[in-house]
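Chemist: run_37.csv (CSV, C-alpha atoms) pasted underneath:
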```csv
chain,number,residue,atom,x,y,z
A,1,MET,CA,-60.7,-13.9,77.1
A,2,ASN,CA,-63.5,-15.8,78.9
A,3,PRO,CA,-65.5,-18.1,76.7
A,4,GLU,CA,-68.8,-16.2,77.2
A,5,ASN,CA,-67.3,-12.9,76.0
A,6,LEU,CA,-65.6,-14.7,73.0
A,7,ALA,CA,-68.9,-16.3,72.0
A,8,GLN,CA,-70.7,-12.9,72.2
A,9,ILE,CA,-68.0,-11.3,70.1
A,10,LYS,CA,-68.4,-14.0,67.5
A,11,THR,CA,-72.2,-13.6,67.5
A,12,TYR,CA,-71.9,-9.8,67.0
A,13,ALA,CA,-69.2,-10.1,64.4
A,14,LEU,CA,-71.3,-12.5,62.3
A,15,GLY,CA,-74.2,-10.0,62.6
A,16,ILE,CA,-72.0,-7.1,61.6
A,17,ALA,CA,-70.5,-9.1,58.7
A,18,ALA,CA,-74.0,-9.9,57.4
A,19,LEU,CA,-75.0,-6.3,57.5
A,20,LEU,CA,-71.8,-5.1,55.8
A,21,TYR,CA,-72.1,-7.8,53.1
A,22,GLU,CA,-75.7,-6.8,52.4
A,23,GLU,CA,-74.6,-3.1,52.1
A,24,ALA,CA,-71.7,-4.0,49.8
A,25,GLN,CA,-74.0,-6.1,47.6
A,26,GLY,CA,-76.1,-3.1,47.0
A,27,THR,CA,-73.3,-0.6,46.4
A,28,VAL,CA,-70.2,-2.4,45.1
A,29,PRO,CA,-71.1,-5.9,44.0
A,30,GLU,CA,-68.4,-6.1,41.4
A,31,GLN,CA,-65.7,-5.6,44.1
A,32,LEU,CA,-66.9,-8.8,45.9
A,33,LYS,CA,-65.8,-10.9,42.9
A,34,THR,CA,-62.0,-10.7,43.6
A,35,LEU,CA,-60.0,-11.3,46.8
A,36,SER,CA,-58.4,-7.8,46.5
A,37,GLY,CA,-61.8,-6.2,46.0
A,38,LEU,CA,-63.2,-8.0,48.9
A,39,GLU,CA,-60.3,-7.0,51.1
A,40,ALA,CA,-60.6,-3.4,50.1
A,41,THR,CA,-64.4,-3.4,50.7
A,42,VAL,CA,-64.1,-5.0,54.1
A,43,ARG,CA,-61.2,-2.6,55.1
A,44,GLY,CA,-63.2,0.4,53.9
A,45,GLN,CA,-66.3,-0.6,55.7
A,46,LEU,CA,-64.5,-1.3,59.0
A,47,LEU,CA,-62.8,2.1,58.8
A,48,GLN,CA,-66.0,3.9,57.9
A,49,TYR,CA,-68.6,2.2,60.0
A,50,VAL,CA,-67.2,-0.1,62.7
A,51,SER,CA,-64.0,1.6,64.0
A,52,PRO,CA,-65.6,5.0,64.7
A,53,GLU,CA,-68.3,3.3,66.9
A,54,ILE,CA,-65.6,1.4,68.8
A,55,ALA,CA,-63.6,4.6,69.3
A,56,LEU,CA,-66.7,6.5,70.6
A,57,PHE,CA,-67.3,3.7,73.1
A,58,LEU,CA,-63.7,3.7,74.2
A,59,SER,CA,-63.5,7.4,74.4
A,60,LYS,CA,-66.3,7.4,77.1
A,61,ALA,CA,-64.2,5.1,79.3
A,62,PRO,CA,-62.0,6.8,81.9
A,63,VAL,CA,-58.3,6.6,81.0
A,64,ALA,CA,-55.6,6.7,83.6
A,65,PRO,CA,-52.4,8.5,82.6
A,66,PRO,CA,-49.4,6.3,82.1
A,67,GLN,CA,-47.3,6.0,85.2
A,68,GLY,CA,-44.2,8.1,85.4
A,69,GLU,CA,-45.6,10.9,83.2
A,70,PRO,CA,-46.9,14.1,84.7
A,71,GLU,CA,-50.6,14.9,84.4
A,72,PHE,CA,-51.6,18.2,82.8
```
Show me, as structure tokens, the structure contained in the file I just sent.

Modeler:
Amino acid sequence: MNPENLAQIKTYALGIAALLYEEAQGTVPEQLKTLSGLEATVRGQLLQYVSPEIALFLSKAPVAPPQGEPEF
């Protein structure tokens, strides 16, 4: 990955992390006191908020069928 894109990803990731942490502090602060609780919180937030947005973005990109397989 080129350095500019990597720097941009890091910037966005830190912003997302700050927002998710703020949200978790308001809803499940007790889970942020243990490593397992923190992991569960982060995983849940990524699945609920971040992954769907990435999937929506990717679903708008044209996808070529794999070579060797017939198109339907």

Chemist: Can you measure atom CA of A:Leu38 to atom CA of A:Gln25 for me? One decimal in Å is fine.

Modeler: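 If I compute the distance from atom CA of A:Leu38 to atom CA of A:Gln25, I get 11.0 Å.
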
Chemist: In terms of the shortest atom-to-atom distance over all atoms listed in the file, which of A:Thr11, A:Asn2, A:Ser36, A:Tyr49 is closest to A:Glu23?

Modeler: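 Nearest candidate to A:Glu23 out of A:Thr11, A:Asn2, A:Ser36, A:Tyr49: A:Tyr49.
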
Chemist: Take atom CA of A:Ala64 and atom CA of A:Ala7 and report the distance between them in Å, one decimal.

Modeler: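 Rounded to one decimal, the two atoms are 29.0 Å apart.
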
Chemist: Go ahead and compute the interatomic distance for atom CA of A:Ser51 and atom CA of A:Leu35, in Å to one decimal.

Modeler: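 So the answer is 21.9 Å.
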
Chemist: Choose the residue, out of A:Pro65, A:Val42, A:Glu53, A:Ser59, that has the smallest atom-to-atom separation from A:Ala18; count all atoms listed in the file.

Modeler: A:Val42

Chemist: Which residue is closest to A:Glu22? Choose from A:Thr41, A:Gln48, A:Asn5, A:Gln67 and count only C-alpha atoms.

Modeler: A:Thr41

Chemist: Pick out the closest residue to A:Ala24 from this set: A:Ile9, A:Gln45, A:Phe57, A:Pro3. Count all atoms listed in the file.

Modeler: A:Gln45
